[in-house]
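Participant: Just dropping this structure here.
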Amino acid sequence: MNLDDLQAELAERGCVLWVEGEMLRFKAPDGALTPPLMSQLRRNKRALIERLRGDAQHGGDGANPPGGSGANPPSGDVGPTREPSYGQQAMWLLHQAVPLSPAYNVASAVQVHGPIDYGAVERVWRTLLTRHDSLRTTFQLRGGRLAACVQQQPATDAKRVLVPTEAGPAAGPAAVDAELRRLVDASYRAPFDLTAGPLARLRLFSVGETRHVLLLSMHHIVLDAWSLWVLHDEFGALYRQESRGEVGVLLAAEASYGDFVRWQQALPDSEAGRSQWQSWRQRLAGCPEPARLVWDRRRPAARAQRGASLHFRLPAELSGQLRELGRQRGATPFMTLLAVFQALLHLHSGQRDFVVGTTSSGRSEPRFARLVGYLVNTLPLRAKIEPGCRFSGLLEQTRGEVIAAIGAQDFPFPLTVQRLNPPRESGALPLCRVMFGLQKPHDFSEAMIALDDASRSIDWGGLRASTYELDQQEGQFDLTLEMYETSTTFLGILKYDTALLDRETAQLLAARYRRLAELV
């Protein structure tokens with residue numbers, strides 16, 4: 001099939017092609033691109049890019065994306081600035097208080113085994129920056145208002161770091177591993193300048209020719225955890241294509257981050273938004289206190305945001321019993337594990353009416369499912385524990401609270417805080433200071449599934465990629481319990497503010513959480 005025939009068949013099937021940076025992008029109806037047609041598309045990719053660019057230069061529409069012109073994405077932002085989301089406005093204020101803190105750095109590290117093509121790594125990274133406008137965004141105050149500035153051409157912050165394998169008398173595998181860990185951790189913790197940018201960086205740490213750690217680091221204002229899994233999946237898919245000498249191709253994104261911001265800003269005045277606000281106002285009536293503990297030290301007047309993490313695991317048998325308990329009560333693992341955490345907080349602090357925060361992905365709209373950006377929204381969950389309350393009663397209450405919160409999950413948390421105006425405490429966040437979350441493998445994410453088992457890996461064009469443990473997002477809150485669901489067990493990471501809590505106390509909390517899980 002020659003190029004003319006290929007373009008004619010694509011057009012007949014309703015497929016639209018355009019060029020974005022170095023990437024060929026397309027939109028197509030479901031089922032339109034058969035495997036043989038996709039093979040032809042990959043084989044002729046470079047020729048198609050050259051032809052589409054030529055058409056654009058001569059005023060043709062061959063390179064025009066749906067609803068646009070030239071090489072712009074289908075729903076991208078034309079102007080240099082746009083309104084930030086509610087979450088980005090709140091994140092900006094938090095960052096200003098501690099601009100050098102790594103508390104709001106988000107990162108993911110992957111071990112890669114095999115001879116890697118760093119030139120291909122750079123090309124893939126530039127393609128991803130071009131594809132996702134959120135990764136090309138910086139922030140400035142203009143006329144007293146925060147503006148998100150989308151760079152038309154991505155500033156590529158990518159470096160390869162060679163890890164020394166000879167370190168004097170103490171040289172050896174352990175010394176090399178320690179140096180690798182130090183370099184990765186230092187790179188992750190390096191601060192971001194929200195005004196100058198870039199707010200996304202790539203580092204490839206190489207120990208010899210066949211052992212590497214790929215670190216993707218972004219500021220939380222442009223990316224959330226869900227987005228990391230999307231990025232890793234797209235990185236792997238593009239690198240596999242590059243390793244075969246092909247130009248990377250991905251399905252066109254259904255929406256841009258600008259689309260999300262416009263949708264979110266319109267929500268509060270919509271019928272759905274008014275209903276969600278009423279739900280939060282009723283359930284948080286009386287402004288319940290944020291969950292707190294008996295801290296080891298008094299809270300400092302200014303938030304230092306220095307954190308640490310403690311890892312623990314619930315045994316497989318106990319994890320299975322917790323799942324079964326939840327099934328018997330009509331509760332999900334999230335609800336069951338949260339109820340155990342609420343019981344722990346009550347027993348440790350004596351509080352009977354308090355709020356624990358959790359997060360939603362911010363992707364209730366299907367078109368945002370694979371959108372890269374800061375979409376996550378905080379949900380304040382209230383716990384009211386009456387004297388003599390049994391765990392079954394607490395679990396039932398938690399189940400109802402979670403279901404109600406899911407029904408109102410899109411209403412922006414910063415706007416909820418603004419309208420409720422809860423009591424403030426110097427150096428502390430309002431309403432949600434203790435957080436709980438449960439991460440579990442998602443079918444769409446090959447990278448997320450690999451987290452299920454550290455021994456598992458995924459194929460990146462002849463390379464073997466697997467997870468590399470990295471402590472992060474520490475110190476944002478007083479205390480965060482992040483649970484990870486695997487096929488057999490639950491893994492826990494207790495993240496705590498070291499200005500308030502000692503490690504010995506964190507170890508005690510983790511041990512008590514496991515003991516409570518056994519008791520219930």
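Going by the structure tokens order, chains are called A, B, ..., each with residues numbered from 1, while ligands are numbered from 1 in the order shown.
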Just want the 12 Å neighbourhood of His348 (chain A), counted on only C-alpha atoms, with same-chain residues fewer than 3 positions away dropped. Output as a list in words.
Facilitator: Ala291, Arg292, Leu293, Val294, Trp295, Phe341, Gln342, Ala343, Leu344, Leu345, Gln351, Arg352, Thr505, Leu508, Leu509, Arg512, Tyr513 and Leu516 of chain A
Participant: Give me, as CSV, each residue of region 454-498 of chain A that comes within 6 Å of region 107-128 of chain A, together with its shortest interatomic pair and the distance in Å at one decimal, counting only C-alpha atoms, with rows ordered by chain and rising residue number.
Facilitator:
residue,atom,partner,partner_atom,distance
A:Leu463,CA,A:Gly114,CA,5.2
A:Arg464,CA,A:His113,CA,5.2
A:Ala465,CA,A:Val112,CA,4.5
A:Ser466,CA,A:Gln111,CA,5.2
A:Thr467,CA,A:Val110,CA,4.8
A:Tyr468,CA,A:Val110,CA,5.0
Participant: Find, counting only C-alpha atoms, the residue in A:Leu24, A:Pro422, A:Ala11, A:Ser101 that gets nearest to Arg281 (chain A).
Facilitator: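 The shortest atom-to-atom distance to Arg281 (chain A) comes from A:Pro422.
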Participant: Let's see if you can do this: from backbone DSSP, list all strand (DSSP E or B) residues in region 241-468 of chain A, as a tab-separated table (two decimals) with all heavy atoms, in the first residue's frame.
Facilitator:
chain	number	residue	atom	x	y	z
A	249	VAL	N	4.23	6.79	18.17
A	249	VAL	CA	2.83	7.12	17.90
A	249	VAL	C	1.99	6.73	19.10
A	249	VAL	O	2.13	5.64	19.64
A	249	VAL	CB	2.31	6.38	16.65
A	249	VAL	CG1	0.79	6.45	16.61
A	249	VAL	CG2	2.85	6.98	15.38
A	250	LEU	N	1.14	7.64	19.53
A	250	LEU	CA	0.17	7.35	20.59
A	250	LEU	C	-1.20	7.85	20.14
A	250	LEU	O	-1.29	8.79	19.34
A	250	LEU	CB	0.56	8.06	21.89
A	250	LEU	CG	1.84	7.61	22.59
A	250	LEU	CD1	2.18	8.56	23.73
A	250	LEU	CD2	1.70	6.19	23.13
A	251	LEU	N	-2.24	7.23	20.64
A	251	LEU	CA	-3.58	7.73	20.37
A	251	LEU	C	-3.69	9.16	20.88
A	251	LEU	O	-3.14	9.51	21.92
A	251	LEU	CB	-4.62	6.86	21.06
A	251	LEU	CG	-4.92	5.50	20.41
A	251	LEU	CD1	-5.81	4.68	21.33
A	251	LEU	CD2	-5.60	5.68	19.06
A	289	GLU	N	-13.42	18.95	64.01
A	289	GLU	CA	-11.99	19.18	64.08
A	289	GLU	C	-11.24	18.26	63.12
A	289	GLU	O	-11.68	17.15	62.84
A	289	GLU	CB	-11.47	18.91	65.49
A	289	GLU	CG	-11.91	19.93	66.53
A	289	GLU	CD	-11.22	19.66	67.84
A	289	GLU	OE1	-10.71	18.54	68.04
A	289	GLU	OE2	-11.19	20.58	68.68
A	290	PRO	N	-10.08	18.72	62.64
A	290	PRO	CA	-9.21	17.78	61.92
A	290	PRO	C	-8.72	16.69	62.87
A	290	PRO	O	-8.57	16.93	64.07
A	290	PRO	CB	-8.04	18.67	61.46
A	290	PRO	CG	-8.51	20.08	61.62
A	290	PRO	CD	-9.52	20.07	62.73
A	307	GLY	N	9.65	15.60	56.34
A	307	GLY	CA	8.95	14.36	56.58
A	307	GLY	C	9.83	13.13	56.47
A	307	GLY	O	10.98	13.19	56.04
A	308	ALA	N	9.25	12.01	56.87
A	308	ALA	CA	9.91	10.71	56.76
A	308	ALA	C	8.84	9.67	56.51
A	308	ALA	O	7.64	9.92	56.69
A	308	ALA	CB	10.70	10.40	58.02
A	309	SER	N	9.27	8.48	56.10
A	309	SER	CA	8.34	7.40	55.78
A	309	SER	C	8.73	6.13	56.51
A	309	SER	O	9.91	5.85	56.72
A	309	SER	CB	8.33	7.12	54.27
A	309	SER	OG	7.82	8.22	53.56
A	310	LEU	N	7.70	5.37	56.87
A	310	LEU	CA	7.90	4.07	57.52
A	310	LEU	C	7.10	3.03	56.74
A	310	LEU	O	5.89	3.17	56.56
A	310	LEU	CB	7.42	4.13	58.97
A	310	LEU	CG	7.51	2.83	59.76
A	310	LEU	CD1	8.98	2.52	60.06
A	310	LEU	CD2	6.72	2.94	61.06
A	311	HIS	N	7.76	1.99	56.27
A	311	HIS	CA	7.11	0.96	55.47
A	311	HIS	C	6.77	-0.24	56.35
A	311	HIS	O	7.54	-0.64	57.23
A	311	HIS	CB	8.04	0.49	54.34
A	311	HIS	CG	8.34	1.55	53.32
A	311	HIS	ND1	7.79	1.57	52.07
A	311	HIS	CD2	9.14	2.65	53.39
A	311	HIS	CE1	8.23	2.62	51.40
A	311	HIS	NE2	9.06	3.28	52.19
A	312	PHE	N	5.60	-0.82	56.13
A	312	PHE	CA	5.21	-2.05	56.82
A	312	PHE	C	4.29	-2.86	55.93
A	312	PHE	O	3.83	-2.39	54.88
A	312	PHE	CB	4.55	-1.73	58.18
A	312	PHE	CG	3.22	-1.03	58.08
A	312	PHE	CD1	2.03	-1.74	58.11
A	312	PHE	CD2	3.15	0.36	57.96
A	312	PHE	CE1	0.80	-1.09	58.03
A	312	PHE	CE2	1.94	1.02	57.89
A	312	PHE	CZ	0.75	0.29	57.92
A	313	ARG	N	4.01	-4.08	56.33
A	313	ARG	CA	3.22	-5.00	55.51
A	313	ARG	C	2.23	-5.76	56.41
A	313	ARG	O	2.59	-6.17	57.51
A	313	ARG	CB	4.13	-5.99	54.80
A	313	ARG	CG	3.42	-7.08	53.99
A	313	ARG	CD	4.41	-8.14	53.52
A	313	ARG	NE	5.39	-7.60	52.61
A	313	ARG	CZ	5.26	-7.60	51.28
A	313	ARG	NH1	4.20	-8.16	50.73
A	313	ARG	NH2	6.20	-7.10	50.52
A	314	LEU	N	1.01	-5.90	55.93
A	314	LEU	CA	0.05	-6.78	56.62
A	314	LEU	C	0.19	-8.18	56.01
A	314	LEU	O	0.20	-8.32	54.79
A	314	LEU	CB	-1.38	-6.27	56.43
A	314	LEU	CG	-1.68	-4.87	56.99
A	314	LEU	CD1	-3.17	-4.55	56.82
A	314	LEU	CD2	-1.27	-4.75	58.45
A	353	ASP	N	-15.18	13.05	67.25
A	353	ASP	CA	-15.76	13.68	66.06
A	353	ASP	C	-14.63	14.39	65.33
A	353	ASP	O	-14.16	15.44	65.77
A	353	ASP	CB	-16.84	14.67	66.47
A	353	ASP	CG	-17.60	15.26	65.27
A	353	ASP	OD1	-17.29	14.88	64.12
A	353	ASP	OD2	-18.48	16.11	65.50
A	354	PHE	N	-14.17	13.80	64.25
A	354	PHE	CA	-12.99	14.34	63.58
A	354	PHE	C	-13.04	14.03	62.08
A	354	PHE	O	-13.86	13.22	61.63
A	354	PHE	CB	-11.70	13.78	64.19
A	354	PHE	CG	-11.61	12.28	64.19
A	354	PHE	CD1	-11.05	11.60	63.12
A	354	PHE	CD2	-12.08	11.54	65.27
A	354	PHE	CE1	-10.95	10.21	63.11
A	354	PHE	CE2	-11.99	10.15	65.28
A	354	PHE	CZ	-11.43	9.49	64.20
A	355	VAL	N	-12.15	14.67	61.34
A	355	VAL	CA	-12.10	14.53	59.89
A	355	VAL	C	-10.77	13.93	59.48
A	355	VAL	O	-9.70	14.36	59.93
A	355	VAL	CB	-12.29	15.89	59.19
A	355	VAL	CG1	-12.02	15.78	57.69
A	355	VAL	CG2	-13.69	16.42	59.43
A	356	VAL	N	-10.84	12.92	58.62
A	356	VAL	CA	-9.67	12.36	57.95
A	356	VAL	C	-9.84	12.63	56.46
A	356	VAL	O	-10.92	12.41	55.91
A	356	VAL	CB	-9.53	10.85	58.21
A	356	VAL	CG1	-8.40	10.26	57.36
A	356	VAL	CG2	-9.29	10.58	59.68
A	357	GLY	N	-8.80	13.12	55.82
A	357	GLY	CA	-8.88	13.40	54.40
A	357	GLY	C	-8.49	12.21	53.55
A	357	GLY	O	-7.70	11.36	53.97
A	358	THR	N	-9.06	12.13	52.39
A	358	THR	CA	-8.61	11.19	51.37
A	358	THR	C	-8.65	11.92	50.04
A	358	THR	O	-8.99	13.11	49.99
A	358	THR	CB	-9.47	9.91	51.34
A	358	THR	OG1	-8.82	8.92	50.53
A	358	THR	CG2	-10.86	10.18	50.79
A	359	THR	N	-8.29	11.27	48.97
A	359	THR	CA	-8.28	11.94	47.67
A	359	THR	C	-9.05	11.12	46.65
A	359	THR	O	-9.07	9.88	46.71
A	359	THR	CB	-6.84	12.16	47.16
A	359	THR	OG1	-6.15	10.91	47.10
A	359	THR	CG2	-6.09	13.13	48.06
A	360	SER	N	-9.67	11.82	45.72
A	360	SER	CA	-10.23	11.19	44.53
A	360	SER	C	-9.32	11.52	43.36
A	360	SER	O	-8.57	12.50	43.40
A	360	SER	CB	-11.65	11.70	44.26
A	360	SER	OG	-11.62	13.05	43.85
A	377	ASN	N	-8.42	15.56	43.92
A	377	ASN	CA	-9.24	16.41	44.78
A	377	ASN	C	-9.31	15.78	46.18
A	377	ASN	O	-9.41	14.56	46.31
A	377	ASN	CB	-10.66	16.56	44.21
A	377	ASN	CG	-11.44	17.65	44.89
A	377	ASN	OD1	-10.89	18.68	45.27
A	377	ASN	ND2	-12.74	17.46	45.03
A	378	THR	N	-9.23	16.61	47.20
A	378	THR	CA	-9.30	16.13	48.59
A	378	THR	C	-10.75	15.99	49.02
A	378	THR	O	-11.57	16.86	48.77
A	378	THR	CB	-8.57	17.11	49.52
A	378	THR	OG1	-7.19	17.19	49.14
A	378	THR	CG2	-8.66	16.65	50.97
A	379	LEU	N	-11.04	14.87	49.70
A	379	LEU	CA	-12.38	14.61	50.23
A	379	LEU	C	-12.29	14.50	51.75
A	379	LEU	O	-11.64	13.58	52.27
A	379	LEU	CB	-12.95	13.31	49.65
A	379	LEU	CG	-12.92	13.15	48.13
A	379	LEU	CD1	-13.52	11.81	47.73
A	379	LEU	CD2	-13.64	14.29	47.44
A	380	PRO	N	-12.91	15.41	52.51
A	380	PRO	CA	-12.88	15.33	53.97
A	380	PRO	C	-13.95	14.36	54.49
A	380	PRO	O	-15.14	14.58	54.30
A	380	PRO	CB	-13.18	16.77	54.40
A	380	PRO	CG	-13.95	17.37	53.26
A	380	PRO	CD	-13.54	16.64	52.01
A	381	LEU	N	-13.51	13.29	55.14
A	381	LEU	CA	-14.42	12.24	55.62
A	381	LEU	C	-14.57	12.36	57.14
A	381	LEU	O	-13.58	12.28	57.87
A	381	LEU	CB	-13.88	10.86	55.25
A	381	LEU	CG	-13.61	10.63	53.75
A	381	LEU	CD1	-12.98	9.27	53.52
A	381	LEU	CD2	-14.91	10.76	52.96
A	382	ARG	N	-15.80	12.50	57.59
A	382	ARG	CA	-16.06	12.71	59.01
A	382	ARG	C	-16.29	11.39	59.73
A	382	ARG	O	-16.98	10.50	59.22
A	382	ARG	CB	-17.29	13.60	59.17
A	382	ARG	CG	-17.58	14.07	60.58
A	382	ARG	CD	-18.70	15.08	60.58
A	382	ARG	NE	-18.88	15.74	61.88
A	382	ARG	CZ	-19.69	16.78	62.07
A	382	ARG	NH1	-20.40	17.27	61.06
A	382	ARG	NH2	-19.79	17.33	63.28
A	383	ALA	N	-15.72	11.26	60.90
A	383	ALA	CA	-15.95	10.08	61.76
A	383	ALA	C	-16.56	10.57	63.07
A	383	ALA	O	-16.04	11.49	63.70
A	383	ALA	CB	-14.64	9.35	62.03
A	384	LYS	N	-17.68	9.97	63.47
A	384	LYS	CA	-18.33	10.29	64.75
A	384	LYS	C	-18.45	8.99	65.54
A	384	LYS	O	-19.22	8.10	65.16
A	384	LYS	CB	-19.70	10.93	64.50
A	384	LYS	CG	-19.63	12.23	63.72
A	384	LYS	CD	-21.00	12.84	63.49
A	384	LYS	CE	-21.56	13.42	64.76
A	384	LYS	NZ	-22.81	14.18	64.52
A	434	VAL	N	-4.66	14.94	58.64
A	434	VAL	CA	-4.32	13.52	58.60
A	434	VAL	C	-5.02	12.92	57.38
A	434	VAL	O	-6.21	13.16	57.17
A	434	VAL	CB	-4.74	12.80	59.89
A	434	VAL	CG1	-4.52	11.30	59.77
A	434	VAL	CG2	-3.98	13.37	61.09
A	435	MET	N	-4.28	12.15	56.59
A	435	MET	CA	-4.80	11.64	55.32
A	435	MET	C	-4.71	10.12	55.28
A	435	MET	O	-3.86	9.49	55.93
A	435	MET	CB	-4.01	12.22	54.15
A	435	MET	CG	-4.06	13.72	54.02
A	435	MET	SD	-5.67	14.34	53.49
A	435	MET	CE	-5.71	13.78	51.79
A	436	PHE	N	-5.60	9.52	54.49
A	436	PHE	CA	-5.59	8.07	54.25
A	436	PHE	C	-5.82	7.82	52.77
A	436	PHE	O	-6.62	8.52	52.13
A	436	PHE	CB	-6.68	7.37	55.06
A	436	PHE	CG	-6.77	5.89	54.78
A	436	PHE	CD1	-5.94	5.00	55.43
A	436	PHE	CD2	-7.66	5.41	53.83
A	436	PHE	CE1	-6.00	3.64	55.15
A	436	PHE	CE2	-7.72	4.05	53.55
A	436	PHE	CZ	-6.89	3.16	54.21
A	437	GLY	N	-5.12	6.83	52.24
A	437	GLY	CA	-5.33	6.48	50.83
A	437	GLY	C	-5.06	5.01	50.59
A	437	GLY	O	-4.35	4.35	51.36
A	438	LEU	N	-5.66	4.48	49.55
A	438	LEU	CA	-5.42	3.10	49.11
A	438	LEU	C	-5.16	3.12	47.62
A	438	LEU	O	-6.00	3.58	46.83
A	438	LEU	CB	-6.63	2.20	49.42
A	438	LEU	CG	-6.56	0.77	48.85
A	438	LEU	CD1	-5.40	0.00	49.49
A	438	LEU	CD2	-7.88	0.03	49.07
A	439	GLN	N	-3.99	2.65	47.22
A	439	GLN	CA	-3.63	2.52	45.82
A	439	GLN	C	-3.77	1.06	45.43
A	439	GLN	O	-3.39	0.16	46.19
A	439	GLN	CB	-2.19	2.97	45.57
A	439	GLN	CG	-1.91	4.40	45.94
A	439	GLN	CD	-2.25	5.36	44.81
A	439	GLN	OE1	-2.76	4.96	43.76
A	439	GLN	NE2	-1.97	6.63	45.01
A	458	ILE	N	8.31	-5.24	33.30
A	458	ILE	CA	7.64	-5.03	32.02
A	458	ILE	C	8.70	-4.82	30.95
A	458	ILE	O	9.83	-4.41	31.25
A	458	ILE	CB	6.66	-3.84	32.07
A	458	ILE	CG1	7.34	-2.60	32.66
A	458	ILE	CG2	5.44	-4.18	32.89
A	458	ILE	CD1	6.44	-1.40	32.76
A	459	ASP	N	8.34	-5.10	29.73
A	459	ASP	CA	9.30	-5.04	28.62
A	459	ASP	C	9.25	-3.67	27.97
A	459	ASP	O	8.18	-3.20	27.55
A	459	ASP	CB	8.98	-6.12	27.58
A	459	ASP	CG	9.89	-6.00	26.37
A	459	ASP	OD1	11.12	-6.00	26.55
A	459	ASP	OD2	9.35	-5.90	25.24
A	460	TRP	N	10.40	-3.01	27.89
A	460	TRP	CA	10.54	-1.75	27.17
A	460	TRP	C	11.51	-1.98	26.00
A	460	TRP	O	12.67	-1.63	26.05
A	460	TRP	CB	11.10	-0.66	28.07
A	460	TRP	CG	10.12	-0.06	29.02
A	460	TRP	CD1	8.81	-0.40	29.16
A	460	TRP	CD2	10.36	1.01	29.95
A	460	TRP	NE1	8.22	0.38	30.13
A	460	TRP	CE2	9.14	1.26	30.63
A	460	TRP	CE3	11.48	1.77	30.28
A	460	TRP	CZ2	9.02	2.22	31.61
A	460	TRP	CZ3	11.36	2.75	31.26
A	460	TRP	CH2	10.14	2.98	31.91
A	463	LEU	N	14.40	-4.05	27.01
A	463	LEU	CA	14.83	-3.71	28.35
A	463	LEU	C	13.84	-4.26	29.36
A	463	LEU	O	12.65	-4.40	29.06
A	463	LEU	CB	14.93	-2.19	28.52
A	463	LEU	CG	15.87	-1.44	27.57
A	463	LEU	CD1	15.77	0.05	27.81
A	463	LEU	CD2	17.30	-1.92	27.74
A	464	ARG	N	14.32	-4.55	30.55
A	464	ARG	CA	13.45	-5.04	31.62
A	464	ARG	C	13.30	-3.94	32.66
A	464	ARG	O	14.28	-3.49	33.26
A	464	ARG	CB	14.04	-6.30	32.25
A	464	ARG	CG	13.15	-6.96	33.28
A	464	ARG	CD	13.63	-8.39	33.57
A	464	ARG	NE	15.03	-8.42	33.96
A	464	ARG	CZ	15.46	-8.25	35.20
A	464	ARG	NH1	14.61	-8.00	36.18
A	464	ARG	NH2	16.75	-8.32	35.48
A	465	ALA	N	12.07	-3.47	32.86
A	465	ALA	CA	11.81	-2.36	33.77
A	465	ALA	C	11.00	-2.86	34.97
A	465	ALA	O	10.04	-3.62	34.81
A	465	ALA	CB	11.04	-1.25	33.06
A	466	SER	N	11.39	-2.44	36.17
A	466	SER	CA	10.68	-2.82	37.39
A	466	SER	C	10.74	-1.65	38.37
A	466	SER	O	11.48	-0.69	38.17
A	466	SER	CB	11.30	-4.08	38.01
A	466	SER	OG	12.66	-3.86	38.32
A	467	THR	N	9.98	-1.75	39.44
A	467	THR	CA	9.89	-0.63	40.37
A	467	THR	C	11.19	-0.44	41.16
A	467	THR	O	11.93	-1.39	41.43
A	467	THR	CB	8.71	-0.86	41.34
A	467	THR	OG1	8.54	0.30	42.14
A	467	THR	CG2	8.96	-2.05	42.24
Participant: Using only C-alpha atoms for the distances, tell me which of A:Phe413, A:Trp18, A:Trp229, A:Phe26 is nearest to Val106 (chain A).
Facilitator: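 Looking only at the distances to Val106 (chain A), the closest residue turns out to be A:Trp229.
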Participant: Quick one: pull the distance between CA of Arg424 (chain A) and CA of Ala405 (chain A), Å, one decimal.
Facilitator: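 Atom-to-atom, CA of Arg424 (chain A) and CA of Ala405 (chain A) are spaced 23.1 Å apart.
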Participant: Quick check, in Å to one decimal: how far apart do CA of Arg515 (chain A) and CA of Asp296 (chain A) lie?
Facilitator: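 For CA of Arg515 (chain A) relative to CA of Asp296 (chain A), the distance reads 21.7 Å.
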Participant: Between CA of Ser206 (chain A) and CA of Leu162 (chain A), what distance in Å does the model show, to one decimal?
Facilitator: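 For CA of Ser206 (chain A) relative to CA of Leu162 (chain A), the distance reads 5.0 Å.
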Participant: From the list A:Gly320, A:Gly373, A:Pro414, A:Gly461, which residue is nearest Asp133 (chain A) when using only C-alpha atoms?
Facilitator: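 Distance minimum relative to Asp133 (chain A) lands on A:Gly373.
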Participant: Name the closest residue to Leu41 (chain A) among the candidates A:Gly248, A:Gly273, A:Gly427, A:Pro333; distances are taken between atoms, counting only C-alpha atoms.
Facilitator: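 Closest residue, counting only C-alpha atoms: A:Gly248.
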Participant: Report as a PyMOL selection string all protein, DNA and RNA residues lying within 8 Å of Gly208 (chain A), evaluated on only C-alpha atoms, omitting residues in the same chain fewer than 3 positions from it.
Facilitator: chain A and resi 162-163+165+211
Participant: Atoms to include: C-alpha atoms. Write the selected residues as a tab-separated table (two decimals), in the first residue's frame.
Facilitator:
chain	number	residue	atom	x	y	z
A	162	LEU	CA	27.01	8.09	35.42
A	163	VAL	CA	27.24	6.48	38.85
A	165	THR	CA	31.57	2.11	40.32
A	211	ARG	CA	21.89	-1.17	34.97
Participant: For Trp280 (chain A), which residue among A:Leu394, A:Val417, A:Leu204, A:Leu238 is the nearest when counting only C-alpha atoms?
Facilitator: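 Of A:Leu394, A:Val417, A:Leu204, A:Leu238, the one nearest Trp280 (chain A), counting only C-alpha atoms, is A:Val417.
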